[in-house]
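Since the structure comes first, as structure tokens, the remarks are kept for the end.
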Amino acid sequence: MGKKVLAVDIDGTITLNGWGTIHLGALKKLRQLNDNGHKIILVTGRSSVEGYLLSVFGGLTHLAVGENGGCITYDDLMKHKTIGNKAQCIQALAFLQNRVDGDIKEKQVFPRMTEVVLERTFDIIKAQKVLDDEGLDVSLFDSGYAFHINSNGVDKGTGFLEALKMLDCKIDDTIAIGDSETDIPLFKVVPNSIAVHNSIPELKKIAKIVTTKESGEGVLEGLDMISSEL
């Protein structure tokens, strides 16, 4: 049986009932898979540093794709590979604050290198149209936790593909596990995917497996369902 690369979201996926506390049972199972030679890559809307630190202390592969694909943190020296352009995102934020009704403000989060994170206090669809009409080369995503401004072409799918190149691994040997809108681009490029029960309907529609349990318990259920492949 060939070794796999698992792309695993954090919040809503390996947490307890969607909250930020890590489900220790799910983490233990992922660590066992890592110890057995599979690669466990955290692919998150959080900063890549947060994902990387969880991978180190959790005993997973020391590489994380963060900021919804905008930055990869890797190596025991904690190096960073930036893909997104934060200057574009800052420009877009200033434009939105002048042109869109509502209280558009940044969310207090761990510092980002390539994206801007906003409070979920405005109409994201209308805001995206304003950005498109102005010709700004950025996209808005809703992680369920916050709104994110990213450079166009940057998402979890493209970030994970770049990580595979760095690891010299093939896309055919990958499995994705997630729950939110930001996981849709990842599920579209990964051939095998698991959506936990609390996932948004759009993600469930394209997932190969949808679990009956939520978050961390759903991860355990999904991994058990594909145990013959691992």
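Labeling convention for the structure tokens: chains A, B, ... as they appear, residues from 1 per chain, ligands from 1 in order of appearance.
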
What are the closest atom pairs, with distances in Å to one decimal, for each residue of stretch 119-208 of chain A lying within 8 Å of stretch 43-63 of chain A, using only C-alpha atoms, rows by chain and rising residue number, as CSV?
residue,atom,partner,partner_atom,distance
A:Ser143,CA,A:Gly45,CA,7.0
A:Lys156,CA,A:Val43,CA,6.7
A:Phe160,CA,A:Val43,CA,7.2
A:Thr182,CA,A:Gly45,CA,7.6

Identify, on the basis of only C-alpha atoms, every residue whose closest approach to stretch 93-99 of chain A does not exceed 8 Å; exclude the query and any residue fewer than 3 positions from it along the same chain; express the result as a PyMOL selection string.
chain A and resi 89-90+103-105+116+127+130-131+149

Those selected residues, please, written with N, CA and C atoms and delivered as a PDB file, in the first residue's frame.
ATOM      1  N   CYS A  89      -3.892  43.049  -0.924  1.00  0.00           N
ATOM      2  CA  CYS A  89      -4.996  42.849   0.014  1.00  0.00           C
ATOM      3  C   CYS A  89      -5.233  44.092   0.868  1.00  0.00           C
ATOM      4  N   ILE A  90      -4.150  44.743   1.272  1.00  0.00           N
ATOM      5  CA  ILE A  90      -4.275  45.982   2.053  1.00  0.00           C
ATOM      6  C   ILE A  90      -4.925  47.075   1.214  1.00  0.00           C
ATOM      7  N   ASP A 103     -19.522  48.235   8.808  1.00  0.00           N
ATOM      8  CA  ASP A 103     -18.307  48.413   9.601  1.00  0.00           C
ATOM      9  C   ASP A 103     -17.266  47.387   9.170  1.00  0.00           C
ATOM     10  N   ILE A 104     -16.458  47.764   8.194  1.00  0.00           N
ATOM     11  CA  ILE A 104     -15.450  46.848   7.668  1.00  0.00           C
ATOM     12  C   ILE A 104     -14.146  47.076   8.425  1.00  0.00           C
ATOM     13  N   LYS A 105     -13.780  46.100   9.220  1.00  0.00           N
ATOM     14  CA  LYS A 105     -12.566  46.248  10.019  1.00  0.00           C
ATOM     15  C   LYS A 105     -11.829  44.923  10.124  1.00  0.00           C
ATOM     16  N   VAL A 116      -5.386  39.547   4.372  1.00  0.00           N
ATOM     17  CA  VAL A 116      -6.017  40.410   5.367  1.00  0.00           C
ATOM     18  C   VAL A 116      -7.254  39.684   5.877  1.00  0.00           C
ATOM     19  N   ALA A 127     -19.492  43.074  -1.653  1.00  0.00           N
ATOM     20  CA  ALA A 127     -18.120  43.571  -1.558  1.00  0.00           C
ATOM     21  C   ALA A 127     -17.251  43.003  -2.670  1.00  0.00           C
ATOM     22  N   VAL A 130     -17.893  44.854  -5.882  1.00  0.00           N
ATOM     23  CA  VAL A 130     -17.235  46.163  -5.881  1.00  0.00           C
ATOM     24  C   VAL A 130     -15.758  46.010  -6.250  1.00  0.00           C
ATOM     25  N   LEU A 131     -15.112  45.004  -5.690  1.00  0.00           N
ATOM     26  CA  LEU A 131     -13.695  44.757  -5.988  1.00  0.00           C
ATOM     27  C   LEU A 131     -13.505  44.387  -7.461  1.00  0.00           C
ATOM     28  N   ILE A 149      -9.275  38.353   2.673  1.00  0.00           N
ATOM     29  CA  ILE A 149      -8.907  38.913   1.375  1.00  0.00           C
ATOM     30  C   ILE A 149      -7.605  38.268   0.942  1.00  0.00           C
TER      31      ILE A 149
END

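In the backbone-derived DSSP annotation, strand (DSSP E or B) within stretch 122-196 of chain A comprises Val138, Ser139, Leu140, Phe141, Asp142, Phe147, His148, Ile149, Asn150, Ser151, Thr174, Ile175, Ala176, Ile177, Gly178, Asn192, Ser193, Ile194 and Ala195 of chain A.
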
Using all heavy atoms, can you write the selected residues to a file as a compact mmCIF listing (two decimals), in the first residue's frame?
# COMPACT_ATOMS: atom_id res chain seq x y z
N VAL A 138 -8.01 40.62 -6.37
CA VAL A 138 -8.13 39.91 -5.09
C VAL A 138 -9.49 39.22 -5.01
O VAL A 138 -10.42 39.54 -5.76
CB VAL A 138 -7.98 40.87 -3.88
CG1 VAL A 138 -6.60 41.51 -3.86
CG2 VAL A 138 -9.08 41.92 -3.89
N SER A 139 -9.59 38.27 -4.08
CA SER A 139 -10.84 37.55 -3.85
C SER A 139 -11.16 37.53 -2.37
O SER A 139 -10.25 37.54 -1.52
CB SER A 139 -10.73 36.10 -4.36
OG SER A 139 -10.51 36.07 -5.75
N LEU A 140 -12.45 37.49 -2.06
CA LEU A 140 -12.93 37.37 -0.68
C LEU A 140 -13.40 35.95 -0.43
O LEU A 140 -14.09 35.35 -1.26
CB LEU A 140 -14.09 38.34 -0.44
CG LEU A 140 -13.74 39.81 -0.19
CD1 LEU A 140 -14.97 40.68 -0.38
CD2 LEU A 140 -13.17 39.98 1.21
N PHE A 141 -13.02 35.39 0.72
CA PHE A 141 -13.46 34.06 1.12
C PHE A 141 -14.06 34.12 2.52
O PHE A 141 -13.65 34.94 3.35
CB PHE A 141 -12.29 33.07 1.13
CG PHE A 141 -11.74 32.74 -0.22
CD1 PHE A 141 -10.62 33.39 -0.71
CD2 PHE A 141 -12.35 31.78 -1.02
CE1 PHE A 141 -10.11 33.08 -1.96
CE2 PHE A 141 -11.85 31.47 -2.27
CZ PHE A 141 -10.72 32.12 -2.75
N ASP A 142 -15.03 33.26 2.77
CA ASP A 142 -15.64 33.16 4.09
C ASP A 142 -15.25 31.83 4.71
O ASP A 142 -15.67 30.77 4.25
CB ASP A 142 -17.16 33.26 3.97
CG ASP A 142 -17.87 33.25 5.32
OD1 ASP A 142 -17.18 33.17 6.36
OD2 ASP A 142 -19.11 33.29 5.33
N PHE A 147 -13.87 36.75 7.34
CA PHE A 147 -13.72 36.96 5.90
C PHE A 147 -12.23 37.16 5.63
O PHE A 147 -11.53 37.79 6.42
CB PHE A 147 -14.49 38.20 5.44
CG PHE A 147 -15.99 38.06 5.50
CD1 PHE A 147 -16.79 39.20 5.59
CD2 PHE A 147 -16.61 36.83 5.46
CE1 PHE A 147 -18.18 39.10 5.63
CE2 PHE A 147 -17.99 36.71 5.50
CZ PHE A 147 -18.77 37.85 5.60
N HIS A 148 -11.77 36.66 4.50
CA HIS A 148 -10.35 36.74 4.15
C HIS A 148 -10.19 37.39 2.79
O HIS A 148 -10.89 37.02 1.83
CB HIS A 148 -9.71 35.35 4.11
CG HIS A 148 -9.88 34.57 5.37
ND1 HIS A 148 -8.85 34.37 6.26
CD2 HIS A 148 -10.96 33.93 5.90
CE1 HIS A 148 -9.28 33.64 7.29
NE2 HIS A 148 -10.56 33.36 7.09
N ILE A 149 -9.28 38.35 2.67
CA ILE A 149 -8.91 38.91 1.38
C ILE A 149 -7.60 38.27 0.94
O ILE A 149 -6.59 38.35 1.65
CB ILE A 149 -8.70 40.44 1.43
CG1 ILE A 149 -9.92 41.15 2.02
CG2 ILE A 149 -8.42 40.97 0.02
CD1 ILE A 149 -9.75 42.66 2.14
N ASN A 150 -7.65 37.59 -0.21
CA ASN A 150 -6.46 36.93 -0.76
C ASN A 150 -6.22 37.38 -2.19
O ASN A 150 -7.15 37.77 -2.89
CB ASN A 150 -6.63 35.40 -0.74
CG ASN A 150 -6.83 34.85 0.65
OD1 ASN A 150 -7.95 34.65 1.08
ND2 ASN A 150 -5.74 34.59 1.35
N SER A 151 -4.99 37.29 -2.62
CA SER A 151 -4.68 37.56 -4.03
C SER A 151 -5.42 36.56 -4.90
O SER A 151 -5.56 35.39 -4.53
CB SER A 151 -3.17 37.44 -4.27
OG SER A 151 -2.44 38.32 -3.45
N THR A 174 -3.18 11.70 -2.62
CA THR A 174 -3.59 12.66 -1.59
C THR A 174 -5.04 12.45 -1.15
O THR A 174 -5.87 11.95 -1.90
CB THR A 174 -3.42 14.11 -2.08
OG1 THR A 174 -4.21 14.30 -3.26
CG2 THR A 174 -1.95 14.39 -2.40
N ILE A 175 -5.31 12.87 0.07
CA ILE A 175 -6.65 12.85 0.66
C ILE A 175 -6.85 14.17 1.38
O ILE A 175 -5.96 14.62 2.11
CB ILE A 175 -6.80 11.68 1.66
CG1 ILE A 175 -6.55 10.34 0.97
CG2 ILE A 175 -8.19 11.71 2.32
CD1 ILE A 175 -6.37 9.18 1.94
N ALA A 176 -7.99 14.82 1.19
CA ALA A 176 -8.29 16.08 1.86
C ALA A 176 -9.42 15.89 2.86
O ALA A 176 -10.36 15.13 2.62
CB ALA A 176 -8.67 17.15 0.84
N ILE A 177 -9.32 16.61 3.99
CA ILE A 177 -10.37 16.57 5.01
C ILE A 177 -10.68 18.00 5.40
O ILE A 177 -9.78 18.76 5.77
CB ILE A 177 -9.93 15.78 6.24
CG1 ILE A 177 -9.36 14.40 5.86
CG2 ILE A 177 -11.12 15.59 7.20
CD1 ILE A 177 -8.83 13.59 7.03
N GLY A 178 -11.97 18.40 5.33
CA GLY A 178 -12.30 19.78 5.65
C GLY A 178 -13.77 19.98 5.93
O GLY A 178 -14.54 19.02 6.04
N ASN A 192 -9.35 12.39 -3.53
CA ASN A 192 -10.11 11.75 -2.46
C ASN A 192 -10.35 12.76 -1.35
O ASN A 192 -9.42 13.42 -0.90
CB ASN A 192 -9.36 10.54 -1.91
CG ASN A 192 -9.11 9.49 -2.96
OD1 ASN A 192 -10.04 8.90 -3.49
ND2 ASN A 192 -7.85 9.29 -3.32
N SER A 193 -11.60 12.88 -0.90
CA SER A 193 -11.92 13.94 0.06
C SER A 193 -12.97 13.47 1.06
O SER A 193 -13.85 12.68 0.75
CB SER A 193 -12.40 15.19 -0.66
OG SER A 193 -13.46 14.87 -1.54
N ILE A 194 -12.85 14.01 2.27
CA ILE A 194 -13.77 13.70 3.36
C ILE A 194 -14.31 15.01 3.92
O ILE A 194 -13.54 15.86 4.37
CB ILE A 194 -13.07 12.93 4.49
CG1 ILE A 194 -12.50 11.60 3.97
CG2 ILE A 194 -14.02 12.68 5.66
CD1 ILE A 194 -11.59 10.90 4.97
N ALA A 195 -15.63 15.18 3.89
CA ALA A 195 -16.27 16.34 4.50
C ALA A 195 -16.91 15.88 5.81
O ALA A 195 -17.71 14.94 5.81
CB ALA A 195 -17.33 16.92 3.57

Just the residues within 8 Å of stretch 205-218 of chain A, please, counting only C-alpha atoms, with nothing from its chain fewer than 5 positions along; format it as a list in words.
Gly12, Thr13, Ile14, Thr15, Leu16, Asn17, Gly18, Ile22, His23, Gly25, Ala26, Phe187, Lys188, Asn192, Ser193, Ile194, Ala195, Val196, His197 and Asn198 of chain A

To test your reading of the structure, identify every residue in stretch 87-206 of chain A that backbone DSSP assigns to alpha helix (DSSP H), and report it as a PyMOL selection string.
chain A and resi 87-99+124-134+156-167+184-189+201-206

What does the distance between atom CA of A:Ser199 and atom CA of A:Asp11 come to in Å, to one decimal place?
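Atom-to-atom, atom CA of A:Ser199 to atom CA of A:Asp11, that is 11.1 Å.
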
Find the spatial neighbours of A:Ile41, counting only C-alpha atoms, within a cut-off of 6 Å - ignore same-chain residues fewer than 2 positions away - and output them as a list of chain:residue names.
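Within the cut-off, the hits are A:Leu6, A:Ala7, A:Ala64.
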
Would you work out the distance separating atom CA of A:Thr114 from atom CA of A:Glu134, expressed in Å to one decimal?
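The value is 20.8 Å.
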
Quick one: residues within 10 Å of A:Lys4, only C-alpha atoms, excluding same-chain residues fewer than 5 positions away - as a PyMOL selection string?
chain A and resi 33-34+37-40+169-175+229-230

Kindly save the residues from that selection, with N, CA, C and O atoms included, as a compact mmCIF listing (two decimals), in the first residue's frame.
# COMPACT_ATOMS: atom_id res chain seq x y z
N LEU A 33 -0.75 7.95 11.88
CA LEU A 33 -0.57 7.84 10.43
C LEU A 33 0.76 8.43 9.99
O LEU A 33 1.45 7.88 9.13
N ASN A 34 1.12 9.56 10.59
CA ASN A 34 2.41 10.19 10.28
C ASN A 34 3.56 9.26 10.68
O ASN A 34 4.53 9.10 9.92
N GLY A 37 4.44 6.60 8.23
CA GLY A 37 5.05 6.98 6.96
C GLY A 37 4.20 7.85 6.06
O GLY A 37 4.67 8.30 5.01
N HIS A 38 2.95 8.09 6.43
CA HIS A 38 2.12 9.02 5.66
C HIS A 38 2.50 10.45 6.03
O HIS A 38 3.07 10.69 7.10
N LYS A 39 2.21 11.39 5.16
CA LYS A 39 2.49 12.80 5.46
C LYS A 39 1.18 13.49 5.82
O LYS A 39 0.19 13.38 5.08
N ILE A 40 1.17 14.20 6.93
CA ILE A 40 -0.01 14.92 7.39
C ILE A 40 0.27 16.41 7.30
O ILE A 40 1.06 16.96 8.07
N CYS A 169 5.79 14.98 -3.97
CA CYS A 169 4.72 13.99 -3.88
C CYS A 169 3.71 14.21 -5.01
O CYS A 169 3.63 15.30 -5.57
N LYS A 170 2.96 13.16 -5.33
CA LYS A 170 2.01 13.22 -6.43
C LYS A 170 0.59 13.47 -5.93
O LYS A 170 0.19 12.98 -4.89
N ILE A 171 -0.19 14.19 -6.72
CA ILE A 171 -1.55 14.53 -6.36
C ILE A 171 -2.42 13.28 -6.26
O ILE A 171 -3.39 13.23 -5.49
N ASP A 172 -2.10 12.22 -7.02
CA ASP A 172 -2.90 10.99 -7.00
C ASP A 172 -2.88 10.31 -5.64
O ASP A 172 -3.74 9.48 -5.35
N ASP A 173 -1.88 10.62 -4.82
CA ASP A 173 -1.73 9.95 -3.53
C ASP A 173 -2.20 10.83 -2.37
O ASP A 173 -1.70 10.71 -1.26
N THR A 174 -3.18 11.70 -2.62
CA THR A 174 -3.59 12.66 -1.59
C THR A 174 -5.04 12.45 -1.15
O THR A 174 -5.87 11.95 -1.90
N ILE A 175 -5.31 12.87 0.07
CA ILE A 175 -6.65 12.85 0.66
C ILE A 175 -6.85 14.17 1.38
O ILE A 175 -5.96 14.62 2.11
N GLU A 229 -7.12 2.01 2.79
CA GLU A 229 -6.23 2.73 1.88
C GLU A 229 -5.00 3.28 2.59
O GLU A 229 -4.09 3.82 1.95
N LEU A 230 -4.98 3.16 3.93
CA LEU A 230 -3.91 3.77 4.71
C LEU A 230 -2.99 2.72 5.34
O LEU A 230 -3.40 1.60 5.59

Show me, as a PyMOL selection string, the residues that have an atom within 7 Å of A:Ile200 when counting only C-alpha atoms, minus same-chain residues fewer than 3 positions from it.
chain A and resi 179-181+203-204

Have a look at A:Asp137, A:Asp35, A:Asp76, A:Asp101 and name the one nearest to A:Ile124; count only C-alpha atoms.
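Using only C-alpha atoms, the shortest distance to A:Ile124 belongs to A:Asp101.
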